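Undergrad: So I've got this file, final32.cif, and it contains mmCIF, C-alpha atoms, pLDDT in the B column; chains and numbers go by the auth columns:
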```cif
data_model
loop_
_atom_site.group_PDB
_atom_site.id
_atom_site.type_symbol
_atom_site.label_atom_id
_atom_site.label_comp_id
_atom_site.label_asym_id
_atom_site.label_seq_id
_atom_site.Cartn_x
_atom_site.Cartn_y
_atom_site.Cartn_z
_atom_site.B_iso_or_equiv
_atom_site.auth_seq_id
_atom_site.auth_asym_id
ATOM 1 C CA MET A 1 12.970 44.917 -68.620 79.00 30 A
ATOM 2 C CA THR A 2 11.177 44.778 -65.271 88.00 31 A
ATOM 3 C CA ARG A 3 12.939 45.461 -62.001 87.00 32 A
ATOM 4 C CA ALA A 4 12.892 41.745 -61.161 91.00 33 A
ATOM 5 C CA GLU A 5 14.375 40.871 -64.563 90.00 34 A
ATOM 6 C CA LYS A 6 17.108 43.450 -64.059 92.00 35 A
ATOM 7 C CA ALA A 7 17.912 42.030 -60.631 94.00 36 A
ATOM 8 C CA ASN A 8 18.145 38.492 -62.018 94.00 37 A
ATOM 9 C CA TYR A 9 20.416 39.663 -64.808 94.00 38 A
ATOM 10 C CA VAL A 10 22.651 41.496 -62.332 95.00 39 A
ATOM 11 C CA VAL A 11 22.980 38.392 -60.156 96.00 40 A
ATOM 12 C CA GLU A 12 23.816 36.145 -63.114 96.00 41 A
ATOM 13 C CA LYS A 13 26.330 38.539 -64.655 95.00 42 A
ATOM 14 C CA LEU A 14 28.091 39.283 -61.374 96.00 43 A
ATOM 15 C CA GLU A 15 28.408 35.579 -60.639 96.00 44 A
ATOM 16 C CA GLU A 16 29.983 35.157 -64.071 95.00 45 A
ATOM 17 C CA LEU A 17 32.376 38.085 -63.558 95.00 46 A
ATOM 18 C CA TYR A 18 33.238 37.446 -59.904 96.00 47 A
ATOM 19 C CA PRO A 19 32.930 33.782 -58.957 95.00 48 A
ATOM 20 C CA GLU A 20 35.398 34.460 -56.131 93.00 49 A
ATOM 21 C CA VAL A 21 34.644 37.287 -53.691 92.00 50 A
ATOM 22 C CA PRO A 22 37.512 37.873 -51.254 92.00 51 A
ATOM 23 C CA ILE A 23 36.947 40.338 -48.422 92.00 52 A
ATOM 24 C CA PRO A 24 38.732 43.546 -49.514 92.00 53 A
ATOM 25 C CA LEU A 25 39.948 44.631 -46.075 95.00 54 A
ATOM 26 C CA LYS A 26 42.768 42.546 -44.625 94.00 55 A
ATOM 27 C CA HIS A 27 42.069 41.371 -41.086 96.00 56 A
ATOM 28 C CA ARG A 28 42.800 38.577 -38.642 94.00 57 A
ATOM 29 C CA ASP A 29 39.576 38.381 -36.675 97.00 58 A
ATOM 30 C CA ASN A 30 36.407 40.316 -35.977 98.00 59 A
ATOM 31 C CA TYR A 31 38.202 42.963 -33.930 98.00 60 A
ATOM 32 C CA THR A 32 40.735 43.790 -36.639 98.00 61 A
ATOM 33 C CA LEU A 33 37.911 43.697 -39.193 98.00 62 A
ATOM 34 C CA LEU A 34 35.926 46.190 -37.126 98.00 63 A
ATOM 35 C CA ILE A 35 38.903 48.544 -36.881 98.00 64 A
ATOM 36 C CA ALA A 36 39.676 48.229 -40.602 98.00 65 A
ATOM 37 C CA VAL A 37 36.080 49.001 -41.571 97.00 66 A
ATOM 38 C CA LEU A 38 36.030 52.005 -39.250 97.00 67 A
ATOM 39 C CA LEU A 39 39.230 53.293 -40.873 97.00 68 A
ATOM 40 C CA SER A 40 37.798 52.817 -44.369 95.00 69 A
ATOM 41 C CA ALA A 41 35.324 55.687 -43.950 92.00 70 A
ATOM 42 C CA GLN A 42 36.259 58.241 -46.643 90.00 71 A
ATOM 43 C CA CYS A 43 39.413 56.235 -47.350 93.00 72 A
ATOM 44 C CA THR A 44 40.264 53.584 -49.923 92.00 73 A
ATOM 45 C CA ASP A 45 40.594 49.941 -48.954 93.00 74 A
ATOM 46 C CA GLU A 46 44.059 49.947 -50.494 95.00 75 A
ATOM 47 C CA ARG A 47 45.267 52.645 -48.137 97.00 76 A
ATOM 48 C CA VAL A 48 43.625 51.012 -45.138 97.00 77 A
ATOM 49 C CA ASN A 49 45.412 47.753 -45.996 97.00 78 A
ATOM 50 C CA LEU A 50 48.722 49.635 -45.956 97.00 79 A
ATOM 51 C CA ILE A 51 48.067 51.213 -42.570 97.00 80 A
ATOM 52 C CA THR A 52 46.422 48.445 -40.555 97.00 81 A
ATOM 53 C CA PRO A 53 49.536 46.209 -40.424 97.00 82 A
ATOM 54 C CA LEU A 54 51.384 49.099 -38.769 97.00 83 A
ATOM 55 C CA LEU A 55 48.587 49.595 -36.260 98.00 84 A
ATOM 56 C CA PHE A 56 48.008 45.901 -35.565 98.00 85 A
ATOM 57 C CA GLU A 57 51.730 45.367 -35.025 97.00 86 A
ATOM 58 C CA ARG A 58 51.324 47.637 -32.012 97.00 87 A
ATOM 59 C CA ALA A 59 47.859 46.512 -30.981 97.00 88 A
ATOM 60 C CA SER A 60 45.745 43.785 -32.583 96.00 89 A
ATOM 61 C CA ASN A 61 43.281 43.351 -29.728 98.00 90 A
ATOM 62 C CA PRO A 62 41.267 45.768 -27.603 98.00 91 A
ATOM 63 C CA TYR A 63 43.391 45.240 -24.497 98.00 92 A
ATOM 64 C CA ASP A 64 46.603 46.260 -26.258 98.00 93 A
ATOM 65 C CA MET A 65 44.822 49.105 -28.029 98.00 94 A
ATOM 66 C CA THR A 66 43.766 50.705 -24.764 98.00 95 A
ATOM 67 C CA ASN A 67 47.390 50.578 -23.620 97.00 96 A
ATOM 68 C CA LEU A 68 48.231 52.998 -26.432 97.00 97 A
ATOM 69 C CA GLN A 69 47.637 56.716 -26.168 97.00 98 A
ATOM 70 C CA VAL A 70 45.038 58.217 -28.486 97.00 99 A
ATOM 71 C CA GLU A 71 47.801 60.376 -29.969 97.00 100 A
ATOM 72 C CA GLU A 72 49.823 57.261 -30.806 98.00 101 A
ATOM 73 C CA ILE A 73 46.874 55.754 -32.645 98.00 102 A
ATOM 74 C CA LYS A 74 46.241 59.060 -34.394 98.00 103 A
ATOM 75 C CA ALA A 75 49.813 59.255 -35.657 98.00 104 A
ATOM 76 C CA ILE A 76 49.666 55.762 -37.154 98.00 105 A
ATOM 77 C CA ILE A 77 46.288 56.121 -38.875 97.00 106 A
ATOM 78 C CA ARG A 78 46.773 59.701 -40.095 97.00 107 A
ATOM 79 C CA PRO A 79 47.053 58.669 -43.801 96.00 108 A
ATOM 80 C CA CYS A 80 43.507 57.253 -43.618 96.00 109 A
ATOM 81 C CA GLY A 81 42.040 60.682 -42.949 94.00 110 A
ATOM 82 C CA LEU A 82 39.762 61.890 -40.148 95.00 111 A
ATOM 83 C CA SER A 83 42.416 60.656 -37.723 96.00 112 A
ATOM 84 C CA PRO A 84 41.343 62.787 -34.717 97.00 113 A
ATOM 85 C CA ALA A 85 37.845 61.313 -34.664 97.00 114 A
ATOM 86 C CA LYS A 86 38.862 57.806 -35.749 98.00 115 A
ATOM 87 C CA SER A 87 41.638 57.492 -33.162 98.00 116 A
ATOM 88 C CA LYS A 88 39.279 58.489 -30.335 98.00 117 A
ATOM 89 C CA ALA A 89 36.638 56.080 -31.589 98.00 118 A
ATOM 90 C CA ILE A 90 39.135 53.222 -31.821 98.00 119 A
ATOM 91 C CA TRP A 91 40.395 53.787 -28.276 98.00 120 A
ATOM 92 C CA ASN A 92 36.934 54.295 -26.797 98.00 121 A
ATOM 93 C CA LEU A 93 35.327 51.292 -28.478 98.00 122 A
ATOM 94 C CA SER A 94 38.301 49.155 -27.453 98.00 123 A
ATOM 95 C CA GLU A 95 37.807 50.231 -23.842 98.00 124 A
ATOM 96 C CA ILE A 96 34.122 49.300 -24.056 98.00 125 A
ATOM 97 C CA LEU A 97 34.954 45.917 -25.574 98.00 126 A
ATOM 98 C CA THR A 98 37.314 45.137 -22.695 98.00 127 A
ATOM 99 C CA SER A 99 35.016 46.375 -19.940 97.00 128 A
ATOM 100 C CA LYS A 100 31.641 45.219 -21.250 97.00 129 A
ATOM 101 C CA TYR A 101 32.206 42.385 -23.721 97.00 130 A
ATOM 102 C CA GLY A 102 35.213 40.521 -22.370 96.00 131 A
ATOM 103 C CA GLY A 103 37.393 41.738 -25.217 97.00 132 A
ATOM 104 C CA GLU A 104 35.103 40.232 -27.862 97.00 133 A
ATOM 105 C CA VAL A 105 33.271 42.016 -30.665 98.00 134 A
ATOM 106 C CA PRO A 106 29.524 41.691 -30.071 97.00 135 A
ATOM 107 C CA GLY A 107 27.500 39.900 -32.710 96.00 136 A
ATOM 108 C CA THR A 108 24.352 42.001 -32.895 97.00 137 A
ATOM 109 C CA PHE A 109 23.531 45.121 -34.865 97.00 138 A
ATOM 110 C CA GLU A 110 22.285 46.866 -31.737 97.00 139 A
ATOM 111 C CA ASP A 111 25.454 46.270 -29.745 98.00 140 A
ATOM 112 C CA LEU A 112 27.760 47.126 -32.628 98.00 141 A
ATOM 113 C CA GLU A 113 25.953 50.353 -33.455 97.00 142 A
ATOM 114 C CA SER A 114 26.207 51.416 -29.804 97.00 143 A
ATOM 115 C CA LEU A 115 30.003 51.488 -30.081 98.00 144 A
ATOM 116 C CA PRO A 116 31.772 54.818 -30.765 97.00 145 A
ATOM 117 C CA GLY A 117 32.386 55.445 -34.453 96.00 146 A
ATOM 118 C CA VAL A 118 30.306 52.454 -35.556 97.00 147 A
ATOM 119 C CA GLY A 119 27.350 53.315 -37.768 95.00 148 A
ATOM 120 C CA HIS A 120 24.903 51.036 -39.518 95.00 149 A
ATOM 121 C CA LYS A 121 27.104 50.443 -42.560 95.00 150 A
ATOM 122 C CA THR A 122 30.133 49.485 -40.452 96.00 151 A
ATOM 123 C CA ALA A 123 27.973 47.197 -38.320 97.00 152 A
ATOM 124 C CA SER A 124 26.516 45.632 -41.467 97.00 153 A
ATOM 125 C CA VAL A 125 29.981 44.855 -42.849 96.00 154 A
ATOM 126 C CA VAL A 126 31.083 43.234 -39.583 97.00 155 A
ATOM 127 C CA MET A 127 27.867 41.235 -39.261 97.00 156 A
ATOM 128 C CA SER A 128 28.127 40.110 -42.882 96.00 157 A
ATOM 129 C CA GLN A 129 31.839 39.480 -43.299 95.00 158 A
ATOM 130 C CA GLY A 130 32.713 38.675 -39.703 96.00 159 A
ATOM 131 C CA PHE A 131 29.721 36.767 -38.376 97.00 160 A
ATOM 132 C CA GLY A 132 28.151 35.535 -41.618 95.00 161 A
ATOM 133 C CA VAL A 133 24.794 37.105 -40.765 97.00 162 A
ATOM 134 C CA PRO A 134 22.852 38.195 -43.864 97.00 163 A
ATOM 135 C CA ALA A 135 23.300 41.950 -44.345 97.00 164 A
ATOM 136 C CA PHE A 136 23.564 44.336 -47.250 96.00 165 A
ATOM 137 C CA PRO A 137 26.071 47.100 -46.472 95.00 166 A
ATOM 138 C CA VAL A 138 25.567 49.954 -48.929 93.00 167 A
ATOM 139 C CA ASP A 139 28.637 51.964 -49.900 87.00 168 A
ATOM 140 C CA THR A 140 28.908 54.649 -52.577 84.00 169 A
ATOM 141 C CA HIS A 141 29.439 52.062 -55.351 85.00 170 A
ATOM 142 C CA ILE A 142 26.317 50.101 -54.426 92.00 171 A
ATOM 143 C CA HIS A 143 24.229 53.234 -53.948 92.00 172 A
ATOM 144 C CA ARG A 144 25.293 54.577 -57.356 88.00 173 A
ATOM 145 C CA LEU A 145 24.853 51.312 -59.249 90.00 174 A
ATOM 146 C CA MET A 146 21.505 50.404 -57.740 93.00 175 A
ATOM 147 C CA TYR A 147 20.256 53.770 -58.994 91.00 176 A
ATOM 148 C CA ARG A 148 21.869 53.401 -62.435 87.00 177 A
ATOM 149 C CA TRP A 149 20.326 49.968 -62.788 90.00 178 A
ATOM 150 C CA GLY A 150 16.865 51.243 -61.876 90.00 179 A
ATOM 151 C CA LEU A 151 16.674 49.128 -58.723 93.00 180 A
ATOM 152 C CA THR A 152 16.168 52.052 -56.323 91.00 181 A
ATOM 153 C CA ASN A 153 15.113 55.672 -56.514 87.00 182 A
ATOM 154 C CA GLY A 154 18.500 56.787 -55.166 77.00 183 A
ATOM 155 C CA LYS A 155 17.003 59.151 -52.580 84.00 184 A
ATOM 156 C CA SER A 156 19.108 57.822 -49.712 90.00 185 A
ATOM 157 C CA VAL A 157 21.539 55.071 -48.752 91.00 186 A
ATOM 158 C CA LYS A 158 18.942 53.814 -46.291 93.00 187 A
ATOM 159 C CA GLN A 159 16.338 53.467 -49.033 94.00 188 A
ATOM 160 C CA THR A 160 18.848 51.747 -51.320 95.00 189 A
ATOM 161 C CA GLU A 161 19.502 49.143 -48.621 96.00 190 A
ATOM 162 C CA ILE A 162 15.772 48.563 -48.159 95.00 191 A
ATOM 163 C CA ASP A 163 15.272 48.141 -51.909 96.00 192 A
ATOM 164 C CA ALA A 164 18.279 45.822 -52.267 96.00 193 A
ATOM 165 C CA LYS A 165 16.985 43.570 -49.510 96.00 194 A
ATOM 166 C CA LYS A 166 13.557 43.435 -51.135 96.00 195 A
ATOM 167 C CA ILE A 167 14.718 42.537 -54.623 96.00 196 A
ATOM 168 C CA PHE A 168 17.681 40.222 -53.992 97.00 197 A
ATOM 169 C CA PRO A 169 17.376 36.828 -52.225 96.00 198 A
ATOM 170 C CA LYS A 170 18.571 36.966 -48.626 97.00 199 A
ATOM 171 C CA GLU A 171 20.982 34.088 -49.106 97.00 200 A
ATOM 172 C CA LEU A 172 22.857 36.162 -51.719 97.00 201 A
ATOM 173 C CA TRP A 173 23.230 39.407 -49.759 97.00 202 A
ATOM 174 C CA ASN A 174 26.653 38.773 -48.223 96.00 203 A
ATOM 175 C CA ARG A 175 28.179 37.674 -51.503 96.00 204 A
ATOM 176 C CA LEU A 176 26.330 40.071 -53.763 97.00 205 A
ATOM 177 C CA HIS A 177 27.214 43.308 -51.993 95.00 206 A
ATOM 178 C CA LEU A 178 30.911 42.513 -52.495 96.00 207 A
ATOM 179 C CA GLN A 179 30.387 41.586 -56.143 96.00 208 A
ATOM 180 C CA ILE A 180 28.649 44.925 -56.781 95.00 209 A
ATOM 181 C CA ILE A 181 31.538 46.784 -55.131 93.00 210 A
ATOM 182 C CA PHE A 182 34.089 44.962 -57.297 93.00 211 A
ATOM 183 C CA TYR A 183 32.015 45.701 -60.395 92.00 212 A
ATOM 184 C CA GLY A 184 31.681 49.367 -59.542 89.00 213 A
ATOM 185 C CA ARG A 185 35.405 49.753 -59.123 86.00 214 A
ATOM 186 C CA GLN A 186 36.265 47.934 -62.340 88.00 215 A
ATOM 187 C CA TYR A 187 33.503 48.849 -64.763 86.00 216 A
ATOM 188 C CA SER A 188 31.281 51.596 -63.434 79.00 217 A
ATOM 189 C CA PRO A 189 33.175 54.321 -61.546 75.00 218 A
ATOM 190 C CA ALA A 190 31.616 57.607 -60.523 70.00 219 A
ATOM 191 C CA ARG A 191 34.025 59.505 -62.765 68.00 220 A
ATOM 192 C CA GLY A 192 34.962 58.600 -66.308 62.00 221 A
ATOM 193 C CA PHE A 193 32.014 56.234 -66.643 61.00 222 A
ATOM 194 C CA ARG A 194 31.513 54.845 -70.160 64.00 223 A
ATOM 195 C CA ILE A 195 28.478 52.651 -70.697 62.00 224 A
ATOM 196 C CA GLN A 196 30.189 50.902 -73.627 59.00 225 A
ATOM 197 C CA LYS A 197 32.782 49.505 -71.212 70.00 226 A
ATOM 198 C CA SER A 198 30.257 48.462 -68.594 79.00 227 A
ATOM 199 C CA PRO A 199 28.594 45.136 -69.476 84.00 228 A
ATOM 200 C CA ILE A 200 25.707 45.250 -66.998 87.00 229 A
ATOM 201 C CA ASP A 201 24.904 48.907 -67.606 81.00 230 A
ATOM 202 C CA ARG A 202 25.057 48.364 -71.347 78.00 231 A
ATOM 203 C CA ALA A 203 22.802 45.309 -71.312 80.00 232 A
ATOM 204 C CA ILE A 204 20.243 46.766 -68.945 79.00 233 A
ATOM 205 C CA GLY A 205 20.236 50.036 -70.868 62.00 234 A
ATOM 206 C CA LEU A 206 19.639 48.298 -74.176 43.00 235 A
ATOM 207 C CA LYS A 207 17.121 45.805 -72.884 37.00 236 A
ATOM 208 C CA SER A 208 15.188 48.344 -70.844 37.00 237 A
ATOM 209 C CA ARG A 209 14.388 50.246 -74.026 35.00 238 A
ATOM 210 C CA LEU A 210 12.926 47.219 -75.805 25.00 239 A
ATOM 211 C CA PRO A 211 9.134 47.112 -75.946 28.00 240 A
ATOM 212 C CA THR A 212 7.511 44.699 -73.532 30.00 241 A
ATOM 213 C CA THR A 213 5.657 41.726 -74.937 27.00 242 A
#
```
In structure tokens, how does this file's structure come out?
TA:
Amino acid sequence: MTRAEKANYVVEKLEELYPEVPIPLKHRDNYTLLIAVLLSAQCTDERVNLITPLLFERASNPYDMTNLQVEEIKAIIRPCGLSPAKSKAIWNLSEILTSKYGGEVPGTFEDLESLPGVGHKTASVVMSQGFGVPAFPVDTHIHRLMYRWGLTNGKSVKQTEIDAKKIFPKELWNRLHLQIIFYGRQYSPARGFRIQKSPIDRAIGLKSRLPTT
């Protein structure tokens, strides 16, 4: 099976398995989405979704957030891990949003990635899920599965994103990256992986060993 054939199979199977693709992180607007994505670094979406209502009850916009002390933010988000760095980033980016962007989340990669605590992956999620701009955020699930499926060499997350954007149609990026995440969680985890229980891995593995005609 060629790389293009594998990619087509992945798209078709994921559409069959996940015709609906809800955004995993609960949010109200682009600001709360940005904060939720920032908190999700090295933390599960499930835990973030438990913590963000507590935080957003106190401050759901950058103006209210800057009225909190960093220590207050830190205490609320502690269960998400890395709370010292995340709390400072949340306060500092909120201050920048109020002073530079009129309290609005900017809609460009460059502006987002200039904010404290916001890397390329976080910016990609906000651009994709918040602004609807085609992007392909690569998390650990996507990085692992793209390598397992033979769609990237797995050398880096950056390379995986480049390869994903080359092989998948641009109009599918925003939907597809979520479908791959859902699939990774359900069928193809990093630990306890069994190819017999993973329909895409099983099909690609079997078909890739067939002789080409």
Undergrad: What is the atom CA of A:Lys42-atom CA of A:Asp74 distance in Å, reported with one decimal?
TA: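 Distance reported for this atom pair: 24.1 Å.
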Undergrad: To one decimal in Å, tell me the separation between atom CA of A:Ser89 and atom CA of A:Thr61.
TA: 6.4 Å
Undergrad: Find, counting all atoms listed in the file, the residue in A:Met30, A:Ile105, A:Leu63, A:Leu201 that gets nearest to A:Phe160.
TA: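 Closest candidate: A:Leu63.
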Undergrad: Calculated over only C-alpha atoms, which of the candidates A:Thr151, A:Ala70, A:Thr181, A:Tyr60 has the smallest distance to A:Ser123?
TA: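 Of A:Thr151, A:Ala70, A:Thr181, A:Tyr60, the one nearest A:Ser123, counting only C-alpha atoms, is A:Tyr60.
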Undergrad: Of the candidates A:Arg231, A:Lys115, A:His56, A:Arg32, which one gets nearest to A:Asp192 if we count all atoms listed in the file?
TA: A:Arg32
